[in-house]
$ cat data13.cif   # mmCIF, C-alpha atoms
data_coords
loop_
_atom_site.label_atom_id
_atom_site.label_comp_id
_atom_site.auth_asym_id
_atom_site.auth_seq_id
_atom_site.Cartn_x
_atom_site.Cartn_y
_atom_site.Cartn_z
CA MET A 1 0.00 0.00 0.00
CA ALA A 2 1.66 3.23 -1.17
CA ARG A 3 1.72 6.04 1.35
CA ARG A 4 1.81 9.76 0.69
CA GLN A 5 4.96 11.31 2.13
CA ARG A 6 4.43 14.22 4.49
CA ASP A 7 6.80 16.60 6.18
CA ALA A 8 6.81 16.99 9.94
CA PRO A 9 4.44 19.88 10.60
CA ALA A 10 5.59 23.09 12.22
CA LEU A 11 4.19 23.20 15.73
CA ALA A 12 1.69 26.00 16.24
CA ASP A 13 2.02 28.00 19.45
CA HIS A 14 -1.18 26.53 20.88
CA THR A 15 -0.50 22.92 19.90
CA VAL A 16 0.52 20.36 22.51
CA ARG A 17 3.15 17.85 21.40
CA ILE A 18 2.84 14.46 23.08
CA PHE A 19 5.64 11.90 23.02
CA SER A 20 5.76 8.35 24.27
CA GLY A 21 7.85 5.27 23.60
CA ILE A 22 6.69 1.68 23.84
CA GLN A 23 8.77 -1.45 24.19
CA PRO A 24 8.61 -4.02 21.38
CA THR A 25 9.46 -6.86 23.73
CA GLY A 26 6.76 -9.34 24.69
CA ARG A 27 3.08 -9.39 23.88
CA LYS A 28 1.09 -6.32 24.86
CA HIS A 29 -1.17 -6.92 27.82
CA LEU A 30 -4.22 -5.17 29.23
CA GLY A 31 -2.10 -3.00 31.53
CA ASN A 32 -0.07 -1.74 28.55
CA TYR A 33 -3.25 -1.04 26.66
CA ILE A 34 -5.10 0.87 29.39
CA GLY A 35 -2.06 2.65 30.80
CA ALA A 36 -0.37 3.67 27.55
CA ILE A 37 -1.94 2.70 24.22
CA ALA A 38 -5.42 4.03 25.04
CA GLN A 39 -3.77 7.33 25.98
CA TYR A 40 -1.95 7.42 22.65
CA ILE A 41 -5.23 7.10 20.80
CA SER A 42 -7.01 9.82 22.78
CA SER A 43 -4.03 12.17 22.44
CA GLN A 44 -4.66 12.42 18.70
CA GLU A 45 -7.66 14.58 19.60
CA ARG A 46 -5.62 16.91 21.80
CA GLY A 47 -2.41 17.63 19.92
CA GLU A 48 0.46 16.30 17.83
CA GLY A 49 1.47 12.78 18.83
CA VAL A 50 4.97 11.40 18.33
CA PHE A 51 5.13 7.68 19.17
CA CYS A 52 8.27 5.60 19.13
CA ILE A 53 8.82 1.84 19.24
CA VAL A 54 11.92 1.75 21.41
CA ASP A 55 14.00 -1.11 20.04
CA LEU A 56 17.22 0.42 21.46
CA HIS A 57 15.77 0.13 24.96
CA ALA A 58 14.94 -3.50 24.23
CA ILE A 59 18.55 -4.61 23.71
CA ILE A 60 19.89 -3.93 27.22
CA GLY A 61 19.07 -7.48 28.35
CA ASP A 62 19.22 -10.91 26.77
CA TYR A 63 17.23 -11.00 23.51
CA ASP A 64 16.99 -12.68 20.11
CA PRO A 65 17.70 -10.31 17.17
CA ALA A 66 15.27 -11.98 14.75
CA GLU A 67 12.54 -12.02 17.39
CA LEU A 68 13.15 -8.33 18.13
CA ARG A 69 12.40 -7.40 14.53
CA GLU A 70 9.23 -9.49 14.60
CA ARG A 71 8.15 -7.86 17.85
CA VAL A 72 8.59 -4.41 16.31
CA HIS A 73 6.14 -5.38 13.58
CA ASP A 74 3.79 -6.96 16.15
CA THR A 75 3.79 -3.73 18.15
CA THR A 76 3.32 -1.56 15.06
CA ALA A 77 0.30 -3.61 13.98
CA THR A 78 -1.14 -3.49 17.51
CA LEU A 79 -0.85 0.30 17.71
CA LEU A 80 -2.45 0.74 14.30
CA ALA A 81 -5.19 -1.73 15.16
CA ALA A 82 -5.91 0.18 18.37
CA GLY A 83 -6.48 3.37 16.43
CA LEU A 84 -3.20 5.21 15.86
CA ASP A 85 -3.50 6.98 12.52
CA PRO A 86 -0.20 7.74 10.70
CA GLU A 87 -1.99 10.62 8.98
CA ARG A 88 -2.58 12.26 12.37
CA CYS A 89 0.55 11.30 14.31
CA ILE A 90 4.17 10.24 13.83
CA LEU A 91 4.91 6.56 14.45
CA PHE A 92 8.47 5.31 14.02
CA ARG A 93 11.18 2.90 15.14
CA GLN A 94 13.66 4.48 17.56
CA SER A 95 16.83 3.10 15.95
CA ASP A 96 15.89 4.67 12.60
CA VAL A 97 16.52 8.15 14.06
CA PRO A 98 20.19 8.32 15.16
CA GLU A 99 19.71 11.69 16.86
CA HIS A 100 18.42 9.75 19.86
CA THR A 101 21.77 8.12 20.51
CA GLU A 102 23.88 11.26 20.00
CA LEU A 103 21.66 13.26 22.32
CA THR A 104 21.99 10.47 24.89
CA TRP A 105 25.76 10.96 24.97
CA LEU A 106 25.48 14.75 25.13
CA PHE A 107 22.93 14.60 27.96
CA SER A 108 25.01 12.04 29.85
CA SER A 109 27.51 14.83 30.51
CA ILE A 110 24.94 16.67 32.65
CA THR A 111 23.40 13.65 34.39
CA GLU A 112 24.55 12.54 37.85
CA LEU A 113 26.00 9.04 37.99
CA GLY A 114 24.83 8.50 41.57
CA ARG A 115 21.25 9.25 40.64
CA LEU A 116 21.32 6.70 37.82
CA GLN A 117 22.69 4.10 40.22
CA ARG A 118 19.84 4.79 42.67
CA MET A 119 17.09 4.36 40.07
CA HIS A 120 14.66 1.63 41.11
CA GLN A 121 14.68 -0.01 37.69
CA PHE A 122 18.48 -0.20 37.64
CA ARG A 123 18.63 -1.67 41.13
CA ASP A 124 15.86 -4.20 40.52
CA LYS A 125 16.94 -5.35 37.06
CA SER A 126 20.66 -5.45 37.87
CA LEU A 127 19.86 -8.08 40.49
CA ALA A 128 18.14 -10.18 37.81
CA GLN A 129 20.90 -9.75 35.21
CA ARG A 130 23.50 -11.75 37.08
CA GLU A 131 25.64 -12.75 34.09
CA LEU A 132 25.93 -9.25 32.62
CA VAL A 133 24.69 -6.01 34.12
CA SER A 134 25.07 -3.85 31.03
CA ALA A 135 26.03 -0.20 31.02
CA GLY A 136 22.92 0.22 28.86
CA LEU A 137 20.77 -0.63 31.87
CA LEU A 138 22.41 2.22 33.79
CA MET A 139 22.04 4.66 30.87
CA TYR A 140 18.45 3.65 30.09
CA PRO A 141 16.93 6.78 31.71
CA VAL A 142 19.30 9.09 29.80
CA LEU A 143 18.19 7.53 26.51
CA GLN A 144 14.59 8.02 27.67
CA ALA A 145 15.38 11.68 28.31
CA ALA A 146 16.85 12.01 24.81
CA ASP A 147 13.79 10.31 23.33
CA VAL A 148 11.47 12.95 24.77
CA LEU A 149 13.62 16.08 24.75
CA ALA A 150 14.58 15.58 21.09
CA TYR A 151 10.99 16.45 20.15
CA ARG A 152 10.49 19.24 22.68
CA ALA A 153 7.42 17.36 23.86
CA HIS A 154 5.06 19.01 26.32
CA GLU A 155 3.45 15.82 27.64
CA VAL A 156 4.57 12.25 28.22
CA PRO A 157 1.84 9.63 28.82
CA VAL A 158 3.41 7.25 31.36
CA GLY A 159 2.43 4.74 33.96
CA GLU A 160 3.03 5.42 37.64
CA ASP A 161 6.16 3.23 37.55
CA GLN A 162 7.87 5.64 35.13
CA ARG A 163 7.45 8.75 37.28
CA GLU A 164 11.04 8.51 38.56
CA HIS A 165 12.44 8.44 35.02
CA LEU A 166 10.28 11.38 33.98
CA GLU A 167 11.57 13.46 36.87
CA LEU A 168 15.12 12.77 35.71
CA MET A 169 14.40 13.94 32.15
CA ARG A 170 12.75 17.08 33.55
CA ASP A 171 15.88 17.79 35.58
CA VAL A 172 18.12 17.16 32.54
CA ALA A 173 16.11 19.73 30.58
CA ARG A 174 16.32 22.25 33.41
CA ARG A 175 20.05 21.70 33.86
CA PHE A 176 20.73 22.08 30.14
CA ASN A 177 18.67 25.27 29.94
CA SER A 178 20.37 26.74 33.00
CA ARG A 179 23.90 25.91 31.87
CA PHE A 180 23.69 26.48 28.12
CA GLY A 181 20.46 28.30 27.34
CA GLY A 182 21.06 31.66 28.96
CA GLU A 183 17.70 33.40 29.16
CA ARG A 184 15.96 30.92 26.83
CA GLU A 185 14.13 27.68 27.48
CA VAL A 186 15.93 25.70 24.77
CA LEU A 187 14.53 22.36 25.88
CA ILE A 188 10.94 22.05 27.03
CA VAL A 189 10.49 20.61 30.52
CA PRO A 190 7.83 17.94 29.87
CA GLU A 191 4.84 17.15 32.06
CA HIS A 192 3.76 13.62 32.85
CA ARG A 193 0.24 12.43 32.05
CA ILE A 194 -0.79 9.49 34.18
CA PRO A 195 -4.33 8.14 33.65
CA GLU A 196 -6.69 8.82 36.53
CA VAL A 197 -8.08 5.29 36.24
CA GLY A 198 -6.03 2.24 35.29
CA ALA A 199 -2.55 3.64 35.94
CA ARG A 200 -1.55 0.34 37.55
CA ILE A 201 -3.30 -2.83 36.39
CA MET A 202 -2.29 -5.73 38.61
CA ASP A 203 -1.75 -9.42 37.94
CA LEU A 204 -5.03 -11.34 38.27
CA GLN A 205 -3.29 -14.14 40.22
CA ASP A 206 -1.10 -11.85 42.32
CA PRO A 207 -2.89 -8.51 42.76
CA MET A 208 0.04 -7.13 44.75
CA SER A 209 2.22 -7.28 41.60
CA LYS A 210 1.84 -5.30 38.41
CA MET A 211 0.57 -7.15 35.32
CA SER A 212 3.67 -7.97 33.26
CA THR A 213 4.78 -10.07 30.31
CA THR A 214 8.09 -10.90 31.98
CA GLY A 215 7.60 -11.06 35.72
CA GLY A 216 3.91 -11.90 35.97
CA SER A 217 1.96 -15.13 35.84
CA GLU A 218 0.61 -16.40 32.51
CA GLN A 219 -2.85 -17.02 33.95
CA GLY A 220 -2.85 -13.60 35.61
CA THR A 221 -1.90 -11.67 32.47
CA VAL A 222 -4.58 -10.74 29.93
CA TYR A 223 -3.05 -10.11 26.52
CA VAL A 224 -4.54 -7.70 24.00
CA LEU A 225 -4.68 -10.49 21.40
CA ASP A 226 -6.10 -13.20 23.68
CA ASP A 227 -9.20 -14.92 22.31
CA PRO A 228 -12.49 -14.41 24.21
CA ALA A 229 -12.40 -17.86 25.82
CA SER A 230 -8.93 -17.22 27.27
CA ILE A 231 -9.93 -13.82 28.61
CA GLU A 232 -13.05 -15.25 30.26
CA LYS A 233 -11.08 -18.09 31.84
CA LYS A 234 -8.44 -15.74 33.26
CA PHE A 235 -10.99 -13.44 34.86
CA LYS A 236 -13.08 -16.29 36.26
CA SER A 237 -9.96 -17.65 37.99
CA ALA A 238 -8.85 -14.20 39.24
CA VAL A 239 -7.85 -14.08 42.90
CA THR A 240 -10.29 -12.17 45.10
CA ASP A 241 -10.30 -11.46 48.82
CA SER A 242 -11.99 -12.46 52.04
CA GLY A 243 -15.45 -11.12 52.68
CA SER A 244 -18.07 -10.42 50.04
CA GLU A 245 -18.22 -6.63 49.64
CA ILE A 246 -17.33 -5.21 46.23
CA VAL A 247 -15.39 -2.14 47.34
CA ARG A 248 -11.94 -0.71 46.79
CA SER A 249 -9.73 -1.11 49.81
CA PRO A 250 -6.05 -1.81 50.60
CA GLU A 251 -7.33 -4.96 52.31
CA LYS A 252 -9.03 -6.06 49.08
CA PRO A 253 -6.34 -5.82 46.35
CA GLY A 254 -7.95 -8.46 44.13
CA VAL A 255 -11.41 -6.89 44.13
CA SER A 256 -9.93 -3.39 43.85
CA ASN A 257 -8.01 -4.46 40.74
CA LEU A 258 -11.15 -5.87 39.09
CA ILE A 259 -13.09 -2.69 39.86
CA GLU A 260 -10.26 -0.58 38.44
CA ILE A 261 -10.14 -2.63 35.22
CA LEU A 262 -13.91 -2.46 34.69
CA ALA A 263 -13.93 1.30 35.37
CA ALA A 264 -11.06 1.90 32.93
CA VAL A 265 -12.63 -0.18 30.17
CA ARG A 266 -15.99 1.53 30.58
CA ALA A 267 -14.37 4.98 31.06
CA VAL A 268 -16.21 5.68 34.32
CA ASN A 269 -15.20 6.48 37.86
CA PRO A 270 -14.54 3.35 39.99
CA ALA A 271 -17.18 4.59 42.43
CA VAL A 272 -19.78 4.04 39.70
CA ILE A 273 -18.80 0.37 39.53
CA GLU A 274 -18.98 0.01 43.30
CA ASN A 275 -22.50 1.48 43.33
CA GLU A 276 -23.70 -0.67 40.43
CA LEU A 277 -22.39 -3.91 41.91
CA GLU A 278 -23.07 -3.16 45.56
CA GLN A 279 -25.38 -6.17 45.91
CA ALA A 280 -23.46 -8.46 43.52
CA ARG A 281 -21.28 -11.44 44.32
CA TYR A 282 -17.64 -11.89 43.34
CA GLY A 283 -18.60 -14.25 40.52
CA GLU A 284 -20.85 -11.58 39.01
CA LEU A 285 -18.05 -9.02 39.24
CA LYS A 286 -15.64 -11.36 37.44
CA GLY A 287 -18.21 -12.07 34.74
CA ALA A 288 -18.93 -8.38 34.21
CA VAL A 289 -15.22 -7.56 33.88
CA ALA A 290 -14.61 -10.46 31.48
CA THR A 291 -17.50 -9.43 29.21
CA ALA A 292 -16.43 -5.78 29.19
CA VAL A 293 -12.79 -6.58 28.42
CA ILE A 294 -13.73 -9.02 25.64
CA ASP A 295 -15.89 -6.35 23.98
CA TYR A 296 -13.21 -3.71 24.56
CA LEU A 297 -10.42 -5.67 22.88
CA ALA A 298 -12.38 -7.44 20.12
CA PRO A 299 -12.03 -4.67 17.47
CA VAL A 300 -8.27 -4.45 18.11
CA ARG A 301 -7.75 -8.20 17.71
CA GLU A 302 -9.79 -8.30 14.49
CA ARG A 303 -7.98 -5.32 12.97
CA TYR A 304 -4.59 -6.68 14.01
CA GLU A 305 -5.17 -9.86 12.02
CA GLN A 306 -5.83 -7.76 8.94
CA LEU A 307 -2.69 -5.64 9.36
CA ARG A 308 0.02 -7.95 10.64
CA ASP A 309 0.66 -9.97 7.48
CA ASP A 310 1.38 -6.89 5.33
CA GLN A 311 4.94 -6.39 6.52
CA GLU A 312 5.83 -4.07 3.64
CA ALA A 313 3.02 -1.70 4.59
CA LEU A 314 4.14 -1.71 8.24
CA GLU A 315 7.71 -0.91 7.20
CA ALA A 316 6.50 1.88 4.93
CA ILE A 317 4.67 3.49 7.85
CA LEU A 318 7.74 3.22 10.09
CA ARG A 319 10.04 4.66 7.41
CA ASP A 320 7.76 7.60 6.74
CA GLY A 321 7.41 8.19 10.49
CA ALA A 322 11.19 8.10 10.98
CA ARG A 323 11.70 10.63 8.18
CA ARG A 324 9.22 13.04 9.76
CA ALA A 325 10.57 12.43 13.27
CA GLN A 326 14.12 13.11 12.13
CA GLN A 327 13.12 16.50 10.75
CA ILE A 328 12.21 17.51 14.30
CA ALA A 329 15.02 15.73 16.18
CA ALA A 330 17.75 17.04 13.85
CA GLN A 331 16.81 20.63 14.66
CA THR A 332 17.04 19.94 18.37
CA LEU A 333 20.36 18.14 18.02
CA ALA A 334 21.84 20.95 15.91
CA GLU A 335 20.96 23.52 18.56
CA VAL A 336 22.18 21.34 21.45
CA ARG A 337 25.49 20.70 19.69
CA ALA A 338 25.99 24.38 18.94
CA LEU A 339 25.19 25.55 22.46
CA MET A 340 27.48 22.89 23.97
CA GLY A 341 30.33 23.84 21.64
CA VAL A 342 30.46 20.42 19.99
CA GLY A 343 31.65 20.24 16.39
CA ALA A 344 33.11 22.87 14.11
CA GLY A 345 29.94 24.91 13.89
CA ALA A 346 28.76 26.59 10.71
CA PRO A 347 30.01 29.61 8.77
CA ALA A 348 29.39 33.00 10.34
CA GLY A 349 25.85 34.19 9.84
CA ARG A 350 24.32 30.73 9.45
CA GLN A 351 21.67 30.50 12.15
CA SER A 352 19.90 27.65 13.84
CA PRO A 353 16.20 26.98 13.09
CA SER A 354 15.31 28.78 16.31
CA GLY A 355 16.98 31.96 15.06
CA ALA A 356 18.58 32.32 18.47
CA GLY A 357 22.16 32.46 17.30
CA ALA A 358 23.07 28.79 17.46
CA THR A 359 24.72 27.48 14.33
CA VAL A 360 23.43 24.58 12.31
CA ARG A 361 25.50 21.47 11.72
CA GLU A 362 26.06 20.71 8.04
#

$ encode --input "data13.cif" --output "structure tokens"
Amino acid sequence: MARRQRDAPALADHTVRIFSGIQPTGRKHLGNYIGAIAQYISSQERGEGVFCIVDLHAIIGDYDPAELRERVHDTTATLLAAGLDPERCILFRQSDVPEHTELTWLFSSITELGRLQRMHQFRDKSLAQRELVSAGLLMYPVLQAADVLAYRAHEVPVGEDQREHLELMRDVARRFNSRFGGEREVLIVPEHRIPEVGARIMDLQDPMSKMSTTGGSEQGTVYVLDDPASIEKKFKSAVTDSGSEIVRSPEKPGVSNLIEILAAVRAVNPAVIENELEQARYGELKGAVATAVIDYLAPVRERYEQLRDDQEALEAILRDGARRAQQIAAQTLAEVRALMGVGAGAPAGRQSPSGAGATVRE
């Protein structure tokens, strides 16, 4: 399917730019969908979306190269099936835009080593990677900062578990502006956007742990592409709690998780679910959640099957997205390089795209 090439649009003063990256590793589960993908889709109504499949982040642990490429296509098809429209947003593969990696190195010079070593993800995952704790694991948050700051994004849709990394990228932007920007805000300090409902979807078999494709249980993880029978079986076997009241409470993590999922899928406040099911039993709650999730995911699964086999079309979308993304990232990199004194600069009088006096790299 031929695609019309478009340039990256100039950002109007009133337009919000939204950036987010998604891992290509593993199958996407319900937590990914509610916490991230659903936000991507809704953001197309609010501003300019820039969405990146972060294959460079995916190589910091043990992985299979051929499988990684397949997972990139799986993820691309899932995002398109969910409703991302390449005509209304930019969707690309991270490694196709080399500005990400150069900005990572430049930003590493203003990032504290001790802070990276104290990051929860580094501490937790370094314990699991016993054979090789890669330097990439340590630098992961700096690459995340480069991902976002390259596009001067205003908002970053993230789950609650990424708040620590977002605060680091905000501090990197502030530090760069303070040290190199003079009176100007060269890099935008992004704001996080965490969903009010569904920010943390928990494992159905272990509601004290987040739903995950790597650390969770198979029976407790609902995948976006699961068939209806599998989804129903997983919810019917979901762990609940003592007592019979359907209310959210720290003492009822299993029931609270089911209420949260149903509220997120139906786009209502969890209190609405509590009121509706006040007289219901746990079995009725599980059935209601299963039915709602099956209906919620059915269009995505059907559309995915139509898209996934056309690998050439998926690659064409990623290539076009990378070209448009690079138009934005290259401007940021040129200005960062110039302000940091990196490279030879440009002939006198050649100005950066911002017109602020920074030279453009040839």

$ resolve_selection --input "data13.cif" --expression "the PyMOL selection byres ((chain A and resi 247) around 12)" --output "VMD selection string"
chain A and resid 240 to 246 248 to 260 270 to 282 285

$ resolve_selection --input "data13.cif" --expression "the PyMOL selection byres ((chain A and resi 99-115) around 6)" --output "VMD selection string"
chain A and resid 97 to 98 116 to 118 142 to 143 146 to 147

$ resolve_selection --input "data13.cif" --expression "the PyMOL selection byres ((chain A and resi 24) around 6)" --output "JSON, numbers by chain"
{"A": [23, 25, 71, 72, 75]}

$ closest_residue --input "data13.cif" --among "A:Gly136, A:Gly49, A:Gly287, A:Gly182" --to "Lys233 (chain A)" --atoms "all atoms listed in the file"
A:Gly287

$ closest_residue --input "data13.cif" --among "A:Ser134, A:Ala145, A:Ala199, A:Asp320" --to "Phe176 (chain A)" --atoms "all atoms listed in the file"
A:Ala145

$ atom_distance --input "data13.cif" --atom1 "CA of Thr15 (chain A)" --atom2 "CA of Ala150 (chain A)"
16.8 Å

$ build_atoms --input "data13.cif" --residues "region 63-74 of chain A" --atoms "all heavy atoms" --output "JSON list (two decimals), in the frame of the given file"
[["chain", "number", "residue", "atom", "x", "y", "z"],
["A", 63, "TYR", "N", 18.31, -11.03, 24.50],
["A", 63, "TYR", "CA", 17.23, -11.00, 23.51],
["A", 63, "TYR", "C", 17.69, -11.71, 22.24],
["A", 63, "TYR", "O", 18.88, -11.94, 22.02],
["A", 63, "TYR", "CB", 16.83, -9.56, 23.19],
["A", 63, "TYR", "CG", 17.84, -8.83, 22.32],
["A", 63, "TYR", "CD1", 17.64, -8.68, 20.95],
["A", 63, "TYR", "CD2", 19.01, -8.31, 22.87],
["A", 63, "TYR", "CE1", 18.58, -8.04, 20.15],
["A", 63, "TYR", "CE2", 19.96, -7.67, 22.09],
["A", 63, "TYR", "CZ", 19.74, -7.53, 20.73],
["A", 63, "TYR", "OH", 20.67, -6.91, 19.95],
["A", 64, "ASP", "N", 16.72, -12.05, 21.39],
["A", 64, "ASP", "CA", 16.99, -12.68, 20.11],
["A", 64, "ASP", "C", 16.79, -11.64, 19.00],
["A", 64, "ASP", "O", 15.70, -11.08, 18.88],
["A", 64, "ASP", "CB", 16.05, -13.87, 19.90],
["A", 64, "ASP", "CG", 16.25, -14.51, 18.54],
["A", 64, "ASP", "OD1", 17.22, -15.29, 18.40],
["A", 64, "ASP", "OD2", 15.45, -14.23, 17.62],
["A", 65, "PRO", "N", 17.81, -11.36, 18.19],
["A", 65, "PRO", "CA", 17.70, -10.31, 17.17],
["A", 65, "PRO", "C", 16.54, -10.51, 16.20],
["A", 65, "PRO", "O", 15.81, -9.55, 15.88],
["A", 65, "PRO", "CB", 19.05, -10.37, 16.44],
["A", 65, "PRO", "CG", 20.00, -10.91, 17.47],
["A", 65, "PRO", "CD", 19.20, -11.90, 18.26],
["A", 66, "ALA", "N", 16.36, -11.73, 15.70],
["A", 66, "ALA", "CA", 15.27, -11.98, 14.75],
["A", 66, "ALA", "C", 13.92, -11.76, 15.42],
["A", 66, "ALA", "O", 12.99, -11.19, 14.82],
["A", 66, "ALA", "CB", 15.37, -13.40, 14.20],
["A", 67, "GLU", "N", 13.80, -12.20, 16.66],
["A", 67, "GLU", "CA", 12.54, -12.02, 17.39],
["A", 67, "GLU", "C", 12.27, -10.54, 17.63],
["A", 67, "GLU", "O", 11.12, -10.09, 17.58],
["A", 67, "GLU", "CB", 12.58, -12.77, 18.71],
["A", 67, "GLU", "CG", 11.29, -12.69, 19.49],
["A", 67, "GLU", "CD", 11.34, -13.44, 20.81],
["A", 67, "GLU", "OE1", 12.36, -14.11, 21.09],
["A", 67, "GLU", "OE2", 10.36, -13.34, 21.56],
["A", 68, "LEU", "N", 13.32, -9.76, 17.90],
["A", 68, "LEU", "CA", 13.15, -8.33, 18.13],
["A", 68, "LEU", "C", 12.50, -7.66, 16.92],
["A", 68, "LEU", "O", 11.58, -6.87, 17.06],
["A", 68, "LEU", "CB", 14.50, -7.68, 18.44],
["A", 68, "LEU", "CG", 14.48, -6.15, 18.60],
["A", 68, "LEU", "CD1", 13.56, -5.72, 19.73],
["A", 68, "LEU", "CD2", 15.90, -5.62, 18.82],
["A", 69, "ARG", "N", 12.97, -8.00, 15.73],
["A", 69, "ARG", "CA", 12.40, -7.40, 14.53],
["A", 69, "ARG", "C", 10.93, -7.80, 14.37],
["A", 69, "ARG", "O", 10.09, -6.99, 13.95],
["A", 69, "ARG", "CB", 13.21, -7.82, 13.30],
["A", 69, "ARG", "CG", 14.59, -7.18, 13.25],
["A", 69, "ARG", "CD", 15.24, -7.30, 11.88],
["A", 69, "ARG", "NE", 16.51, -6.61, 11.87],
["A", 69, "ARG", "CZ", 17.68, -7.20, 12.08],
["A", 69, "ARG", "NH1", 17.73, -8.50, 12.33],
["A", 69, "ARG", "NH2", 18.81, -6.50, 12.05],
["A", 70, "GLU", "N", 10.63, -9.05, 14.68],
["A", 70, "GLU", "CA", 9.23, -9.49, 14.60],
["A", 70, "GLU", "C", 8.37, -8.74, 15.61],
["A", 70, "GLU", "O", 7.23, -8.35, 15.31],
["A", 70, "GLU", "CB", 9.15, -11.00, 14.86],
["A", 70, "GLU", "CG", 9.68, -11.86, 13.72],
["A", 70, "GLU", "CD", 8.88, -11.68, 12.45],
["A", 70, "GLU", "OE1", 7.64, -11.79, 12.52],
["A", 70, "GLU", "OE2", 9.49, -11.41, 11.39],
["A", 71, "ARG", "N", 8.91, -8.56, 16.81],
["A", 71, "ARG", "CA", 8.15, -7.86, 17.85],
["A", 71, "ARG", "C", 7.88, -6.41, 17.48],
["A", 71, "ARG", "O", 6.85, -5.84, 17.86],
["A", 71, "ARG", "CB", 8.89, -7.93, 19.19],
["A", 71, "ARG", "CG", 9.01, -9.33, 19.79],
["A", 71, "ARG", "CD", 7.66, -9.96, 20.04],
["A", 71, "ARG", "NE", 7.76, -11.18, 20.83],
["A", 71, "ARG", "CZ", 6.77, -12.04, 21.00],
["A", 71, "ARG", "NH1", 5.61, -11.83, 20.42],
["A", 71, "ARG", "NH2", 6.93, -13.12, 21.74],
["A", 72, "VAL", "N", 8.82, -5.78, 16.78],
["A", 72, "VAL", "CA", 8.59, -4.41, 16.31],
["A", 72, "VAL", "C", 7.38, -4.37, 15.40],
["A", 72, "VAL", "O", 6.51, -3.50, 15.52],
["A", 72, "VAL", "CB", 9.84, -3.85, 15.59],
["A", 72, "VAL", "CG1", 9.50, -2.55, 14.86],
["A", 72, "VAL", "CG2", 10.96, -3.60, 16.59],
["A", 73, "HIS", "N", 7.29, -5.33, 14.48],
["A", 73, "HIS", "CA", 6.14, -5.38, 13.58],
["A", 73, "HIS", "C", 4.85, -5.74, 14.34],
["A", 73, "HIS", "O", 3.78, -5.21, 14.04],
["A", 73, "HIS", "CB", 6.39, -6.37, 12.45],
["A", 73, "HIS", "CG", 7.47, -5.92, 11.51],
["A", 73, "HIS", "ND1", 8.35, -6.79, 10.91],
["A", 73, "HIS", "CD2", 7.81, -4.69, 11.07],
["A", 73, "HIS", "CE1", 9.18, -6.10, 10.13],
["A", 73, "HIS", "NE2", 8.88, -4.84, 10.22],
["A", 74, "ASP", "N", 4.96, -6.63, 15.32],
["A", 74, "ASP", "CA", 3.79, -6.96, 16.15],
["A", 74, "ASP", "C", 3.26, -5.70, 16.82],
["A", 74, "ASP", "O", 2.05, -5.44, 16.84],
["A", 74, "ASP", "CB", 4.17, -7.97, 17.24],
["A", 74, "ASP", "CG", 4.49, -9.35, 16.71],
["A", 74, "ASP", "OD1", 4.18, -9.63, 15.53],
["A", 74, "ASP", "OD2", 5.07, -10.15, 17.48]]
